[in-house]
>>> print(open('my_file-v8.tsv').read())   # TSV, C-alpha atoms
chain	number	residue	atom	x	y	z
C	1	MET	CA	0.00	0.00	0.00
C	2	ALA	CA	1.31	3.43	-0.86
C	3	SER	CA	2.35	5.58	2.08
C	4	ALA	CA	0.62	8.79	3.07
C	5	THR	CA	3.35	10.87	1.44
C	6	GLU	CA	3.01	9.27	-1.99
C	7	ASP	CA	0.73	10.37	-4.78
C	8	PRO	CA	-2.11	8.12	-5.96
C	9	VAL	CA	-0.52	5.66	-8.38
C	10	LEU	CA	-1.98	4.53	-11.70
C	11	GLU	CA	-1.90	0.77	-11.29
C	12	ARG	CA	-3.28	-0.43	-14.63
C	13	TYR	CA	-5.75	0.40	-17.34
C	14	PHE	CA	-8.39	-1.53	-19.25
C	15	LYS	CA	-9.40	-1.05	-22.85
C	16	GLY	CA	-12.25	-2.90	-24.53
C	17	HIS	CA	-15.16	-0.51	-24.93
C	18	LYS	CA	-15.68	1.11	-28.32
C	19	ALA	CA	-17.14	4.37	-27.02
C	20	ALA	CA	-17.13	6.64	-23.96
C	21	ILE	CA	-17.35	5.14	-20.47
C	22	THR	CA	-20.45	6.44	-18.70
C	23	SER	CA	-20.39	4.64	-15.35
C	24	LEU	CA	-18.37	2.12	-13.34
C	25	ASP	CA	-18.38	0.31	-10.01
C	26	LEU	CA	-15.91	-1.88	-8.13
C	27	SER	CA	-17.26	-5.10	-6.65
C	28	PRO	CA	-17.64	-5.35	-2.85
C	29	ASN	CA	-14.79	-7.87	-2.66
C	30	GLY	CA	-12.53	-5.63	-4.74
C	31	LYS	CA	-11.80	-8.34	-7.31
C	32	GLN	CA	-13.94	-7.12	-10.23
C	33	LEU	CA	-14.86	-3.91	-11.99
C	34	ALA	CA	-18.07	-3.30	-13.94
C	35	THR	CA	-18.22	-0.60	-16.61
C	36	ALA	CA	-21.00	0.87	-18.78
C	37	SER	CA	-20.59	2.64	-22.09
C	38	TRP	CA	-22.09	4.53	-24.99
C	39	ASP	CA	-21.36	1.41	-27.05
C	40	THR	CA	-24.49	-0.20	-25.42
C	41	PHE	CA	-22.40	-2.85	-23.64
C	42	LEU	CA	-21.55	-3.65	-20.03
C	43	MET	CA	-18.14	-5.11	-19.32
C	44	LEU	CA	-16.98	-7.06	-16.29
C	45	TRP	CA	-13.23	-6.92	-15.68
C	46	ASN	CA	-11.45	-9.40	-13.41
C	47	PHE	CA	-8.30	-8.29	-11.62
C	48	LYS	CA	-6.63	-11.71	-11.61
C	49	PRO	CA	-3.65	-11.98	-14.03
C	50	HIS	CA	-4.64	-13.28	-17.48
C	51	ALA	CA	-8.32	-13.37	-16.48
C	52	ARG	CA	-10.88	-12.80	-19.21
C	53	ALA	CA	-13.18	-9.81	-19.35
C	54	TYR	CA	-16.85	-10.39	-20.12
C	55	ARG	CA	-18.93	-8.23	-22.39
C	56	TYR	CA	-22.66	-8.29	-21.64
C	57	VAL	CA	-24.91	-7.60	-24.60
C	58	GLY	CA	-28.59	-6.82	-24.23
C	59	HIS	CA	-29.29	-3.10	-23.94
C	60	LYS	CA	-30.35	-1.49	-27.21
C	61	ASP	CA	-29.00	1.99	-26.48
C	62	VAL	CA	-26.39	3.79	-24.36
C	63	VAL	CA	-25.86	2.19	-20.93
C	64	THR	CA	-25.92	5.11	-18.49
C	65	SER	CA	-25.33	3.53	-15.08
C	66	VAL	CA	-24.07	0.33	-13.46
C	67	GLN	CA	-23.78	-0.84	-9.85
C	68	PHE	CA	-23.02	-4.01	-7.91
C	69	SER	CA	-25.45	-5.12	-5.22
C	70	PRO	CA	-24.01	-4.93	-1.67
C	71	HIS	CA	-23.28	-8.67	-1.64
C	72	GLY	CA	-21.85	-8.59	-5.16
C	73	ASN	CA	-24.18	-11.29	-6.49
C	74	LEU	CA	-26.13	-8.95	-8.78
C	75	LEU	CA	-25.29	-6.16	-11.18
C	76	ALA	CA	-27.87	-3.48	-12.04
C	77	SER	CA	-27.72	-1.37	-15.18
C	78	ALA	CA	-29.75	1.49	-16.66
C	79	SER	CA	-30.01	2.53	-20.28
C	80	ARG	CA	-31.38	5.06	-22.70
C	81	ASP	CA	-33.48	2.18	-24.04
C	82	ARG	CA	-35.78	2.91	-21.03
C	83	THR	CA	-35.03	-0.37	-19.27
C	84	VAL	CA	-33.28	-1.49	-16.11
C	85	ARG	CA	-31.55	-4.85	-16.10
C	86	LEU	CA	-30.32	-7.17	-13.35
C	87	TRP	CA	-27.37	-9.35	-14.33
C	88	ILE	CA	-25.63	-12.22	-12.60
C	89	PRO	CA	-21.96	-11.14	-12.81
C	90	ASP	CA	-20.37	-14.30	-14.14
C	91	LYS	CA	-19.27	-15.67	-17.51
C	92	ARG	CA	-22.85	-16.53	-18.52
C	93	GLY	CA	-24.17	-13.03	-17.89
C	94	LYS	CA	-27.84	-13.93	-17.51
C	95	PHE	CA	-30.24	-11.05	-16.91
C	96	SER	CA	-33.74	-9.96	-16.05
C	97	GLU	CA	-35.34	-6.82	-17.47
C	98	PHE	CA	-37.50	-4.23	-15.69
C	99	LYS	CA	-39.71	-1.85	-17.64
C	100	ALA	CA	-41.62	1.00	-16.00
C	101	HIS	CA	-39.98	4.26	-17.06
C	102	THR	CA	-41.29	6.04	-20.14
C	103	ALA	CA	-38.00	7.77	-21.02
C	104	PRO	CA	-34.25	7.01	-20.78
C	105	VAL	CA	-33.09	5.81	-17.36
C	106	ARG	CA	-30.10	7.73	-16.02
C	107	SER	CA	-29.07	5.96	-12.80
C	108	VAL	CA	-29.44	2.88	-10.62
C	109	ASP	CA	-28.65	2.55	-6.91
C	110	PHE	CA	-29.05	-0.34	-4.45
C	111	SER	CA	-30.02	0.31	-0.85
C	112	ALA	CA	-27.27	-0.67	1.61
C	113	ASP	CA	-29.13	-3.86	2.58
C	114	GLY	CA	-29.66	-4.84	-1.05
C	115	GLN	CA	-33.42	-5.05	-0.64
C	116	PHE	CA	-34.33	-2.10	-2.85
C	117	LEU	CA	-33.22	-0.45	-6.08
C	118	ALA	CA	-33.77	3.23	-6.94
C	119	THR	CA	-33.84	4.34	-10.58
C	120	ALA	CA	-33.87	7.89	-11.98
C	121	SER	CA	-35.18	8.82	-15.40
C	122	GLU	CA	-35.74	11.51	-17.95
C	123	ASP	CA	-39.47	10.92	-17.41
C	124	LYS	CA	-38.95	13.21	-14.36
C	125	SER	CA	-39.50	10.39	-11.86
C	126	ILE	CA	-37.59	8.26	-9.37
C	127	LYS	CA	-38.84	4.69	-9.03
C	128	VAL	CA	-38.13	2.23	-6.23
C	129	TRP	CA	-38.14	-1.53	-6.79
C	130	SER	CA	-38.20	-4.55	-4.48
C	131	MET	CA	-35.30	-6.86	-5.26
C	132	TYR	CA	-36.66	-9.81	-3.32
C	133	ARG	CA	-40.07	-9.74	-5.01
C	134	GLN	CA	-38.70	-8.44	-8.31
C	135	ARG	CA	-41.41	-5.83	-8.65
C	136	PHE	CA	-42.00	-2.11	-8.87
C	137	LEU	CA	-43.01	-0.49	-5.56
C	138	TYR	CA	-43.58	3.25	-5.97
C	139	SER	CA	-42.65	6.44	-7.83
C	140	LEU	CA	-41.46	9.81	-6.53
C	141	TYR	CA	-42.70	12.80	-8.52
C	142	ARG	CA	-41.79	16.45	-7.82
C	143	HIS	CA	-39.03	17.22	-10.30
C	144	THR	CA	-40.03	19.31	-13.31
C	145	HIS	CA	-37.20	18.22	-15.63
C	146	TRP	CA	-35.03	15.15	-16.28
C	147	VAL	CA	-33.77	13.39	-13.14
C	148	ARG	CA	-30.09	12.63	-13.58
C	149	CYS	CA	-29.30	10.70	-10.40
C	150	ALA	CA	-30.94	9.18	-7.29
C	151	LYS	CA	-29.12	7.66	-4.29
C	152	PHE	CA	-30.17	6.00	-1.04
C	153	SER	CA	-28.82	7.23	2.28
C	154	PRO	CA	-26.66	4.65	4.11
C	155	ASP	CA	-29.56	3.76	6.44
C	156	GLY	CA	-32.06	3.60	3.57
C	157	ARG	CA	-34.43	6.11	5.15
C	158	LEU	CA	-33.78	8.86	2.61
C	159	ILE	CA	-33.20	9.22	-1.11
C	160	VAL	CA	-31.38	12.19	-2.64
C	161	SER	CA	-32.02	13.12	-6.27
C	162	CYS	CA	-30.79	15.79	-8.67
C	163	SER	CA	-32.44	17.11	-11.79
C	164	GLU	CA	-31.98	19.46	-14.70
C	165	ASP	CA	-34.68	21.58	-13.04
C	166	LYS	CA	-31.72	22.88	-10.95
C	167	THR	CA	-32.91	21.32	-7.71
C	168	ILE	CA	-31.64	18.64	-5.36
C	169	LYS	CA	-34.40	16.94	-3.41
C	170	ILE	CA	-34.39	14.77	-0.29
C	171	TRP	CA	-37.13	12.14	-0.05
C	172	ASP	CA	-38.43	10.17	2.92
C	173	THR	CA	-38.73	6.52	1.88
C	174	THR	CA	-41.32	5.82	4.60
C	175	ASN	CA	-43.97	8.40	3.70
C	176	LYS	CA	-42.78	8.82	0.07
C	177	GLN	CA	-42.66	12.61	0.46
C	178	CYS	CA	-40.10	15.25	-0.51
C	179	VAL	CA	-38.79	16.56	2.82
C	180	ASN	CA	-36.13	18.99	1.62
C	181	ASN	CA	-35.15	20.95	-1.43
C	182	PHE	CA	-31.91	22.67	-2.44
C	183	SER	CA	-32.04	24.93	-5.49
C	184	ASP	CA	-29.40	26.58	-7.65
C	185	SER	CA	-29.85	29.55	-9.93
C	186	VAL	CA	-26.80	28.88	-12.12
C	187	GLY	CA	-26.42	25.23	-13.09
C	188	PHE	CA	-27.80	21.81	-12.26
C	189	ALA	CA	-26.20	18.84	-10.52
C	190	ASN	CA	-25.05	15.98	-12.75
C	191	PHE	CA	-24.52	13.64	-9.81
C	192	VAL	CA	-25.27	13.59	-6.09
C	193	ASP	CA	-24.55	11.21	-3.21
C	194	PHE	CA	-24.57	10.85	0.57
C	195	ASN	CA	-21.37	10.71	2.59
C	196	PRO	CA	-20.77	7.39	4.40
C	197	SER	CA	-22.29	8.64	7.68
C	198	GLY	CA	-25.41	9.93	5.95
C	199	THR	CA	-25.15	13.41	7.46
C	200	CYS	CA	-24.11	15.24	4.29
C	201	ILE	CA	-24.62	15.17	0.55
C	202	ALA	CA	-22.23	16.29	-2.17
C	203	SER	CA	-23.17	17.43	-5.66
C	204	ALA	CA	-21.26	17.54	-8.96
C	205	GLY	CA	-22.32	20.67	-10.80
C	206	SER	CA	-22.66	21.48	-14.47
C	207	ASP	CA	-21.47	24.96	-13.42
C	208	GLN	CA	-18.01	23.49	-12.59
C	209	THR	CA	-18.63	23.47	-8.82
C	210	VAL	CA	-18.67	20.85	-6.09
C	211	LYS	CA	-20.91	21.53	-3.10
C	212	VAL	CA	-21.27	19.77	0.25
C	213	TRP	CA	-24.50	20.20	2.23
C	214	ASP	CA	-25.40	19.19	5.79
C	215	VAL	CA	-28.84	17.58	5.51
C	216	ARG	CA	-29.46	17.82	9.27
C	217	VAL	CA	-29.40	21.62	9.32
C	218	ASN	CA	-30.02	22.18	5.59
C	219	LYS	CA	-26.90	24.27	5.21
C	220	LEU	CA	-24.21	24.58	2.55
C	221	LEU	CA	-20.94	23.62	4.24
C	222	GLN	CA	-18.39	23.73	1.44
C	223	HIS	CA	-18.27	25.14	-2.07
C	224	TYR	CA	-15.34	24.18	-4.30
C	225	GLN	CA	-14.50	25.85	-7.60
C	226	VAL	CA	-11.52	23.78	-8.67
C	227	HIS	CA	-12.50	22.58	-12.15
C	228	SER	CA	-12.53	24.43	-15.47
C	229	GLY	CA	-15.29	22.22	-16.91
C	230	GLY	CA	-18.54	20.70	-15.71
C	231	VAL	CA	-18.22	18.17	-12.89
C	232	ASN	CA	-19.77	14.87	-13.94
C	233	CYS	CA	-19.30	12.54	-10.99
C	234	ILE	CA	-18.11	12.36	-7.37
C	235	SER	CA	-17.20	9.56	-4.97
C	236	PHE	CA	-16.67	9.67	-1.21
C	237	HIS	CA	-13.75	7.82	0.33
C	238	PRO	CA	-15.15	5.28	2.86
C	239	SER	CA	-13.75	7.37	5.72
C	240	GLY	CA	-15.89	10.29	4.59
C	241	ASN	CA	-12.89	12.59	4.81
C	242	TYR	CA	-12.02	12.75	1.11
C	243	LEU	CA	-13.99	13.30	-2.07
C	244	ILE	CA	-12.84	12.53	-5.59
C	245	THR	CA	-14.33	14.37	-8.57
C	246	ALA	CA	-14.41	13.72	-12.33
C	247	SER	CA	-14.76	16.58	-14.79
C	248	SER	CA	-15.15	17.46	-18.44
C	249	ASP	CA	-11.89	19.42	-18.09
C	250	GLY	CA	-10.14	16.02	-18.35
C	251	THR	CA	-8.99	15.80	-14.72
C	252	LEU	CA	-9.74	13.98	-11.50
C	253	LYS	CA	-9.35	15.96	-8.28
C	254	ILE	CA	-9.16	14.75	-4.69
C	255	LEU	CA	-10.52	17.07	-2.01
C	256	ASP	CA	-9.60	16.89	1.68
C	257	LEU	CA	-12.95	17.66	3.29
C	258	LEU	CA	-11.51	18.05	6.80
C	259	GLU	CA	-9.06	20.74	5.72
C	260	GLY	CA	-11.33	22.07	2.98
C	261	ARG	CA	-8.75	22.06	0.21
C	262	LEU	CA	-7.75	20.42	-3.03
C	263	ILE	CA	-4.84	18.02	-2.47
C	264	TYR	CA	-4.39	16.17	-5.77
C	265	THR	CA	-5.08	16.77	-9.44
C	266	LEU	CA	-4.76	13.62	-11.55
C	267	GLN	CA	-4.26	13.74	-15.30
C	268	GLY	CA	-4.59	10.39	-17.04
C	269	HIS	CA	-7.51	10.71	-19.43
C	270	THR	CA	-7.71	12.41	-22.80
C	271	GLY	CA	-10.94	14.37	-22.96
C	272	PRO	CA	-13.83	14.55	-20.47
C	273	VAL	CA	-13.91	12.21	-17.47
C	274	PHE	CA	-17.46	11.02	-16.87
C	275	THR	CA	-17.25	8.63	-13.94
C	276	VAL	CA	-15.16	7.79	-10.88
C	277	SER	CA	-15.65	5.47	-7.92
C	278	PHE	CA	-13.75	4.38	-4.82
C	279	SER	CA	-13.59	0.72	-3.87
C	280	LYS	CA	-15.48	-0.31	-0.74
C	281	GLY	CA	-12.24	-0.40	1.26
C	282	GLY	CA	-10.94	2.86	-0.17
C	283	GLU	CA	-7.59	1.46	-1.31
C	284	LEU	CA	-8.48	1.70	-5.01
C	285	PHE	CA	-10.50	3.93	-7.27
C	286	ALA	CA	-11.37	3.69	-10.94
C	287	SER	CA	-12.19	6.31	-13.55
C	288	GLY	CA	-13.54	6.37	-17.09
C	289	GLY	CA	-14.35	8.88	-19.79
C	290	ALA	CA	-14.58	9.87	-23.42
C	291	ASP	CA	-11.24	8.25	-24.33
C	292	THR	CA	-12.86	4.78	-23.81
C	293	GLN	CA	-10.21	3.88	-21.24
C	294	VAL	CA	-10.80	2.66	-17.70
C	295	LEU	CA	-8.00	3.62	-15.32
C	296	LEU	CA	-7.44	1.83	-12.00
C	297	TRP	CA	-5.60	3.83	-9.34
C	298	ARG	CA	-4.18	2.85	-5.95
C	299	THR	CA	-4.71	5.50	-3.31
C	300	ASN	CA	-2.33	6.93	-0.77
C	301	PHE	CA	-4.87	6.64	2.04
C	302	ASP	CA	-3.68	4.16	4.65
C	303	GLU	CA	-6.14	1.27	5.06
C	304	LEU	CA	-5.88	1.11	8.84
C	305	HIS	CA	-6.35	4.87	9.08
C	306	CYS	CA	-9.44	4.53	6.92
C	307	LYS	CA	-10.97	1.85	9.17
C	308	GLY	CA	-10.37	3.96	12.25
C	309	LEU	CA	-12.22	6.89	10.73
C	310	THR	CA	-15.14	5.09	9.12
C	311	LYS	CA	-17.65	6.01	11.83
C	312	ARG	CA	-16.67	9.68	12.07
C	313	ASN	CA	-19.02	12.34	10.79
C	314	LEU	CA	-17.83	14.83	8.24
C	315	LYS	CA	-16.31	17.78	10.07
C	316	ARG	CA	-18.22	20.99	9.49
C	317	LEU	CA	-16.16	23.69	7.87
C	318	HIS	CA	-17.25	27.18	6.80
C	319	PHE	CA	-15.36	29.47	4.50
C	320	ASP	CA	-15.47	33.22	4.00
C	321	SER	CA	-13.31	32.78	0.91
C	322	PRO	CA	-12.48	29.83	-1.40
C	323	PRO	CA	-10.14	27.25	0.21
C	324	HIS	CA	-6.45	27.27	-0.60
C	325	LEU	CA	-5.72	25.10	-3.63
C	326	LEU	CA	-2.72	22.83	-3.98
C	327	ASP	CA	-2.32	20.75	-7.13
C	328	ILE	CA	0.00	17.76	-6.97
C	329	TYR	CA	0.34	15.80	-10.19
C	330	PRO	CA	0.93	12.02	-10.15
C	331	ARG	CA	4.32	10.67	-11.11
C	332	THR	CA	2.80	7.83	-13.14
C	333	PRO	CA	3.45	8.08	-16.91
C	334	HIS	CA	0.52	9.12	-19.06
C	335	PRO	CA	-1.02	5.91	-20.45
C	336	HIS	CA	-1.16	7.40	-23.94
C	337	GLU	CA	2.52	8.22	-23.86
C	338	GLU	CA	3.95	5.04	-22.41
C	339	LYS	CA	2.45	1.59	-22.40
C	340	VAL	CA	1.86	0.01	-18.99
C	341	GLU	CA	3.74	-3.25	-19.39
C	342	THR	CA	1.84	-5.17	-16.70
C	343	VAL	CA	-1.46	-4.91	-18.53
C	344	GLU	CA	-2.49	-8.00	-20.45
C	345	THR	CA	-4.67	-7.89	-23.53
C	346	VAL	CA	-8.00	-9.28	-22.39
C	347	SER	CA	-10.10	-11.68	-24.35
C	348	ILE	CA	-13.78	-10.81	-24.50
C	349	LEU	CA	-16.63	-13.24	-24.10
C	350	GLU	CA	-19.89	-11.88	-25.47
C	351	GLN	CA	-23.04	-13.08	-23.78
C	352	ARG	CA	-26.47	-12.91	-25.31
C	353	LEU	CA	-28.37	-14.96	-22.76
C	354	THR	CA	-31.60	-14.12	-20.99
C	355	LEU	CA	-32.09	-14.85	-17.31
C	356	THR	CA	-34.74	-17.35	-16.37
C	357	GLU	CA	-37.00	-16.16	-13.57
C	358	ASP	CA	-36.14	-19.18	-11.43
C	359	LYS	CA	-32.40	-18.50	-11.63
C	360	LEU	CA	-32.72	-14.85	-10.65
C	361	LYS	CA	-35.24	-15.70	-7.90
C	362	ASP	CA	-32.75	-18.17	-6.39
C	363	CYS	CA	-30.08	-15.48	-6.45
C	364	LEU	CA	-32.35	-12.93	-4.77
C	365	GLU	CA	-33.50	-15.45	-2.15
C	366	ASN	CA	-29.86	-16.15	-1.27
C	367	GLN	CA	-29.34	-12.40	-0.86
C	368	GLN	CA	-32.40	-12.24	1.44
C	369	LYS	CA	-31.03	-15.10	3.57
C	370	LEU	CA	-27.67	-13.34	3.90
C	371	PHE	CA	-29.38	-10.13	4.99
C	372	SER	CA	-31.55	-12.00	7.55
C	373	ALA	CA	-28.48	-13.72	8.98
C	374	VAL	CA	-26.72	-10.38	9.41
C	375	GLN	CA	-29.79	-8.94	11.16
C	376	GLN	CA	-29.96	-11.89	13.57
C	377	LYS	CA	-26.27	-11.57	14.47
C	378	SER	CA	-26.62	-7.85	15.13
>>> encode(input="my_file-v8.tsv", output="structure tokens")
Amino acid sequence: MASATEDPVLERYFKGHKAAITSLDLSPNGKQLATASWDTFLMLWNFKPHARAYRYVGHKDVVTSVQFSPHGNLLASASRDRTVRLWIPDKRGKFSEFKAHTAPVRSVDFSADGQFLATASEDKSIKVWSMYRQRFLYSLYRHTHWVRCAKFSPDGRLIVSCSEDKTIKIWDTTNKQCVNNFSDSVGFANFVDFNPSGTCIASAGSDQTVKVWDVRVNKLLQHYQVHSGGVNCISFHPSGNYLITASSDGTLKILDLLEGRLIYTLQGHTGPVFTVSFSKGGELFASGGADTQVLLWRTNFDELHCKGLTKRNLKRLHFDSPPHLLDIYPRTPHPHEEKVETVETVSILEQRLTLTEDKLKDCLENQQKLFSAVQQKS
């Protein structure tokens, strides 16, 4: 593991998509990476040496979002073809298809217990689905324009959503009501998420800003203007103390939320960066963008330090002026300038199989049993 004084290191890169990368997620066990693309495919990358990558074929338009379930036994995807699919992440790639939205679906998000899935769509709605029963539960309507993203809070009691109507809304999953609303007069949020403790949300703005809000007191805590292009995605480090951002200016930036400053600027992509995500342990993060490449980075955040901080709340900081900015560029060679010798050319297995209801039901029942066992132990 890199020490605290080292820069994040580019560990390897993956190339197999034929168009821009729109979304990615690292598996809970840290051994796989799922990616979505404009090329209409999902790809599942295995980190073992010489392991094959799997290309999942089924969506009929751009795949906009992908996420592993908390136990890693399912993979959810959203597409401009108006469908949501659940895949079993193995070499067979079987899937089940959900249809309820009347316009392109922009995001998918599992609740922390894996029991529910939230989807956001250009039909101006958020829909919540039961994973155990494989059925639609309810819709949330209050946005007046396309909904770009919807995320559960860590405890599952709230959902945060952002829309091109320039609002961010907080929803109560019990009474299905909008309980809070943050508005912006300049731009709209492309992406929004809760911090690991569930006390704050962060937004990635089309106006090139990153904002952090305290949802308990409904107050803007931090406002970063560190990018020269729209911010497309954010990801919290599991400790809650760091935030990584992906921007159309071609860079990734890491923010220290405790000190309120930019600590790293990473340049590895050519063109806009659309997606970024930390691993569940925080030791890795992956990024993807218009150059069709997926970059895997190892962080400089000590794993033991991360575990010790996991339960801390985000420290509240207020600024009268923008925080001091410090850009530190990684020492890793640019992947377009020098080939990373450790990267193997992956073979691709295309799957065009449909998931039988019995197979998916067995998978979901196993997930329910795992969740019940965890509840009994706690």
>>> residues_near_point(input="my_file-v8.tsv", point="(-44.9, -6.3, -13.0)", cutoff="12 Å", atoms="all atoms listed in the file", output="JSON, numbers by chain")
{"C": [97, 98, 99, 100, 129, 130, 133, 134, 135, 136, 137, 138]}
>>> residues_around(input="my_file-v8.tsv", residues="Ala286 (chain C)", least_positions_apart="6", cutoff="9 Å", atoms="all atoms listed in the file", output="PyMOL selection string")
chain C and resi 24-26+33+275-279+294-298
>>> residues_near_point(input="my_file-v8.tsv", point="(-10.1, 14.3, -14.6)", cutoff="8 Å", atoms="all atoms listed in the file", output="PDB file with C-alpha atoms, in the frame of the given file")
ATOM      1  CA  THR C 245     -14.330  14.370  -8.570  1.00  0.00           C
ATOM      2  CA  ALA C 246     -14.410  13.720 -12.330  1.00  0.00           C
ATOM      3  CA  SER C 247     -14.760  16.580 -14.790  1.00  0.00           C
ATOM      4  CA  SER C 248     -15.150  17.460 -18.440  1.00  0.00           C
ATOM      5  CA  ASP C 249     -11.890  19.420 -18.090  1.00  0.00           C
ATOM      6  CA  GLY C 250     -10.140  16.020 -18.350  1.00  0.00           C
ATOM      7  CA  THR C 251      -8.990  15.800 -14.720  1.00  0.00           C
ATOM      8  CA  LEU C 252      -9.740  13.980 -11.500  1.00  0.00           C
ATOM      9  CA  LYS C 253      -9.350  15.960  -8.280  1.00  0.00           C
ATOM     10  CA  THR C 265      -5.080  16.770  -9.440  1.00  0.00           C
ATOM     11  CA  LEU C 266      -4.760  13.620 -11.550  1.00  0.00           C
ATOM     12  CA  GLN C 267      -4.260  13.740 -15.300  1.00  0.00           C
ATOM     13  CA  GLY C 268      -4.590  10.390 -17.040  1.00  0.00           C
ATOM     14  CA  HIS C 269      -7.510  10.710 -19.430  1.00  0.00           C
ATOM     15  CA  PRO C 272     -13.830  14.550 -20.470  1.00  0.00           C
ATOM     16  CA  VAL C 273     -13.910  12.210 -17.470  1.00  0.00           C
TER      17      VAL C 273
END
>>> atom_distance(input="my_file-v8.tsv", atom1="CA of Pro238 (chain C)", atom2="CA of Gly198 (chain C)")
11.7 Å
>>> residues_around(input="my_file-v8.tsv", residues="region 159-162 of chain C", least_positions_apart="6", cutoff="9 Å", atoms="all atoms listed in the file", output="PyMOL selection string")
chain C and resi 118+120+126+143+146-153+168-173+188-194+201+203
>>> closest_residue(input="my_file-v8.tsv", among="C:Lys127, C:Arg55, C:His223, C:Lys48", to="Lys211 (chain C)", atoms="only C-alpha atoms")
C:His223
>>> residues_around(input="my_file-v8.tsv", residues="Ser77 (chain C)", least_positions_apart="5", cutoff="8 Å", atoms="all atoms listed in the file", output="list of chain:residue names")
C:Ala36, C:Val63, C:Thr64, C:Ser65, C:Val66, C:Gln67, C:Val84, C:Arg85, C:Leu86, C:Ser107, C:Val108
>>> atom_distance(input="my_file-v8.tsv", atom1="CA of Ser287 (chain C)", atom2="CA of Ala53 (chain C)")
17.2 Å
>>> decode(input="my_file-v8.tsv", residues="region 26-40 of chain C", atoms="N, CA and C atoms", output="PDB file, in the first residue's frame")
ATOM      1  N   LEU C  26     -16.760  -0.783  -8.572  1.00  0.00           N
ATOM      2  CA  LEU C  26     -15.906  -1.875  -8.129  1.00  0.00           C
ATOM      3  C   LEU C  26     -16.723  -2.812  -7.261  1.00  0.00           C
ATOM      4  N   SER C  27     -16.498  -4.110  -7.410  1.00  0.00           N
ATOM      5  CA  SER C  27     -17.261  -5.102  -6.652  1.00  0.00           C
ATOM      6  C   SER C  27     -16.953  -4.990  -5.164  1.00  0.00           C
ATOM      7  N   PRO C  28     -17.872  -5.430  -4.298  1.00  0.00           N
ATOM      8  CA  PRO C  28     -17.640  -5.346  -2.855  1.00  0.00           C
ATOM      9  C   PRO C  28     -16.384  -6.065  -2.391  1.00  0.00           C
ATOM     10  N   ASN C  29     -16.011  -7.153  -3.066  1.00  0.00           N
ATOM     11  CA  ASN C  29     -14.794  -7.873  -2.660  1.00  0.00           C
ATOM     12  C   ASN C  29     -13.527  -7.311  -3.298  1.00  0.00           C
ATOM     13  N   GLY C  30     -13.684  -6.283  -4.143  1.00  0.00           N
ATOM     14  CA  GLY C  30     -12.526  -5.628  -4.739  1.00  0.00           C
ATOM     15  C   GLY C  30     -11.824  -6.424  -5.814  1.00  0.00           C
ATOM     16  N   LYS C  31     -12.455  -7.483  -6.335  1.00  0.00           N
ATOM     17  CA  LYS C  31     -11.805  -8.340  -7.314  1.00  0.00           C
ATOM     18  C   LYS C  31     -12.300  -8.128  -8.739  1.00  0.00           C
ATOM     19  N   GLN C  32     -13.372  -7.332  -8.899  1.00  0.00           N
ATOM     20  CA  GLN C  32     -13.942  -7.115 -10.225  1.00  0.00           C
ATOM     21  C   GLN C  32     -14.325  -5.647 -10.394  1.00  0.00           C
ATOM     22  N   LEU C  33     -14.447  -5.260 -11.647  1.00  0.00           N
ATOM     23  CA  LEU C  33     -14.860  -3.905 -11.986  1.00  0.00           C
ATOM     24  C   LEU C  33     -15.888  -3.991 -13.108  1.00  0.00           C
ATOM     25  N   ALA C  34     -17.029  -3.336 -12.912  1.00  0.00           N
ATOM     26  CA  ALA C  34     -18.071  -3.299 -13.939  1.00  0.00           C
ATOM     27  C   ALA C  34     -18.077  -1.921 -14.576  1.00  0.00           C
ATOM     28  N   THR C  35     -18.211  -1.873 -15.900  1.00  0.00           N
ATOM     29  CA  THR C  35     -18.219  -0.601 -16.614  1.00  0.00           C
ATOM     30  C   THR C  35     -19.383  -0.562 -17.602  1.00  0.00           C
ATOM     31  N   ALA C  36     -19.903   0.651 -17.828  1.00  0.00           N
ATOM     32  CA  ALA C  36     -20.996   0.870 -18.779  1.00  0.00           C
ATOM     33  C   ALA C  36     -20.532   1.880 -19.812  1.00  0.00           C
ATOM     34  N   SER C  37     -21.115   1.816 -21.010  1.00  0.00           N
ATOM     35  CA  SER C  37     -20.590   2.638 -22.094  1.00  0.00           C
ATOM     36  C   SER C  37     -21.659   3.061 -23.093  1.00  0.00           C
ATOM     37  N   TRP C  38     -21.277   4.084 -23.860  1.00  0.00           N
ATOM     38  CA  TRP C  38     -22.090   4.529 -24.995  1.00  0.00           C
ATOM     39  C   TRP C  38     -22.194   3.454 -26.067  1.00  0.00           C
ATOM     40  N   ASP C  39     -21.327   2.457 -26.025  1.00  0.00           N
ATOM     41  CA  ASP C  39     -21.365   1.414 -27.052  1.00  0.00           C
ATOM     42  C   ASP C  39     -22.483   0.394 -26.824  1.00  0.00           C
ATOM     43  N   THR C  40     -23.322   0.616 -25.814  1.00  0.00           N
ATOM     44  CA  THR C  40     -24.490  -0.197 -25.418  1.00  0.00           C
ATOM     45  C   THR C  40     -24.112  -1.453 -24.635  1.00  0.00           C
TER      46      THR C  40
END
